[in-house]
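As structure tokens, the structure follows; a few thoughts come after it.
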Amino acid sequence: MEKILIPGIRARLAGLVLALAAMAGLVLALPAPALAEYGDVVINNHSDAAGVRPVVFPHWFHRVRFRCKVCHSDLGFKFQAGGNDINMVKIIDGQFCGACHNGAVAWSVENCDLCHSGKANTPTQVHESTIQKLAGPAPAAPATAAKR
Amino acid sequence: MRARSAIVLVLAFAAALAWAQPDLRRWLPLARDGLHDPASPATRQLQEPREALSLLAPDTAGNQVRWVESLERGQIAPRSTIDPGTQVRVLDDEILLNLHGGTPIVRFPHRAHTLWLDCSNCHEEIFRSKAGANRLDMRKILQGEQCGVCHGAVAFPLTECGRCHSVPRARTGQGQAAARGATPAAPGAPGP
């Protein structure tokens with residue numbers, strides 16, 4: 001077996017194996033997205049000032065369960081991150097998130113931490129939006145200033 | 001000989017990969033996504049994106065999910081209403097836009113949009129209900145107006161040019177004829 005090998009074939013084989021390993025690594029590593037889910041909305045209109053974590057609203061999670069119209073037509077959510085004047089009084093009153101998060105359709109408001117789960121000082125934004133990707137992330141400015 | 005068997009191995013590996021079509025999509029866990037506070041109890045209680053999204057029709061952009069396809073194939077069954085009284089209005093026609101631009105013509109499928117949205121979400125505030133009456137502008141769209149209210153934020157990203165600009169210029173004559181009819185209907189055609 002060894003006698004048939006032409007000189008330098010070992011090096012070539014080693015190179016081939018290395019290239020293969022590199023390709024496999026590339027295939028496994030490439031599709032990894034940079035950050036949190038596309039469409040995740042951070043709402044930080046009042047959270048930082050109130051001393052709680054900003055809200056992270058996962059669009060993907062709600063989209064699996066509800067069509068857009070349920071929130072954006074029937075419940076009156078505007079298509080703008082931070083553009084809805086939401087507060088806990090309204091939610092407890094059954095408006096906005098409170099239409100479902102009332103213990104009947106979805107878990108109720110005493111689970112503060114499940115919505116208020118973002119890193120402190122994260123500005124209001126639609127995460128991973130095309131604008132954000134092309135123009136850079138929203139500045140960590142006063143929360144109410146950043147809309148998208 | 002060894003070289004030859006190595007090549008055979010590589011080919012076999014590639015063939016196996018192609019045949020098995022492994023799902024190469026990756027979703028970061030909530031605790032490491034850069035947005036959630038890893039110290040929050042939520043990162044241990046909330047559903048992980050991978051758990052829900054890996055079961056749905058694969059895509060290469062956005063959530064890595066073809067949402068319309070997932071809906072039409074019954075992989076998801078999102079509710080249409082909270083109040084039993086509200087209506088679901090699905091409109092099945094297509095509008096051809098950007099008839100005189102340089103990029104391929106835009107084919108707008110009403111059906112894919114009304115499966116998710118209500119007419120009032122777009123009309124008459126964002127778009128007037130008349131083909132040709134809206135001055136669409138990619139600069140506005142990129143700034144989050146017009147189509148950009150959803151596309152580039154939640155619906156598939158604005159970097160997917162060809163999904164809207166999908167009709168080659170060679171078919172311009174047909175497009176213009178359809179546009180004159182105000183509502184060029186092509187029912188049954190596939191959505192984006």
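Naming works like this for the structure tokens: A, B, ... for the chains as they're shown, residue 1 at the start of each chain, ligands 1 onward in shown order.
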With 7 Å as the limit and counting only C-alpha atoms, what residues in chain B lie close to chain A? Please list them as a ChimeraX atom specification.
/B:3,24-28,33-37,40-42,62-63,76-82,116-118,121,142,149,152-154,157-158
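From CA of Trp107 (chain A) back to CA of Asp85 (chain A), the distance works out to 21.5 Å.
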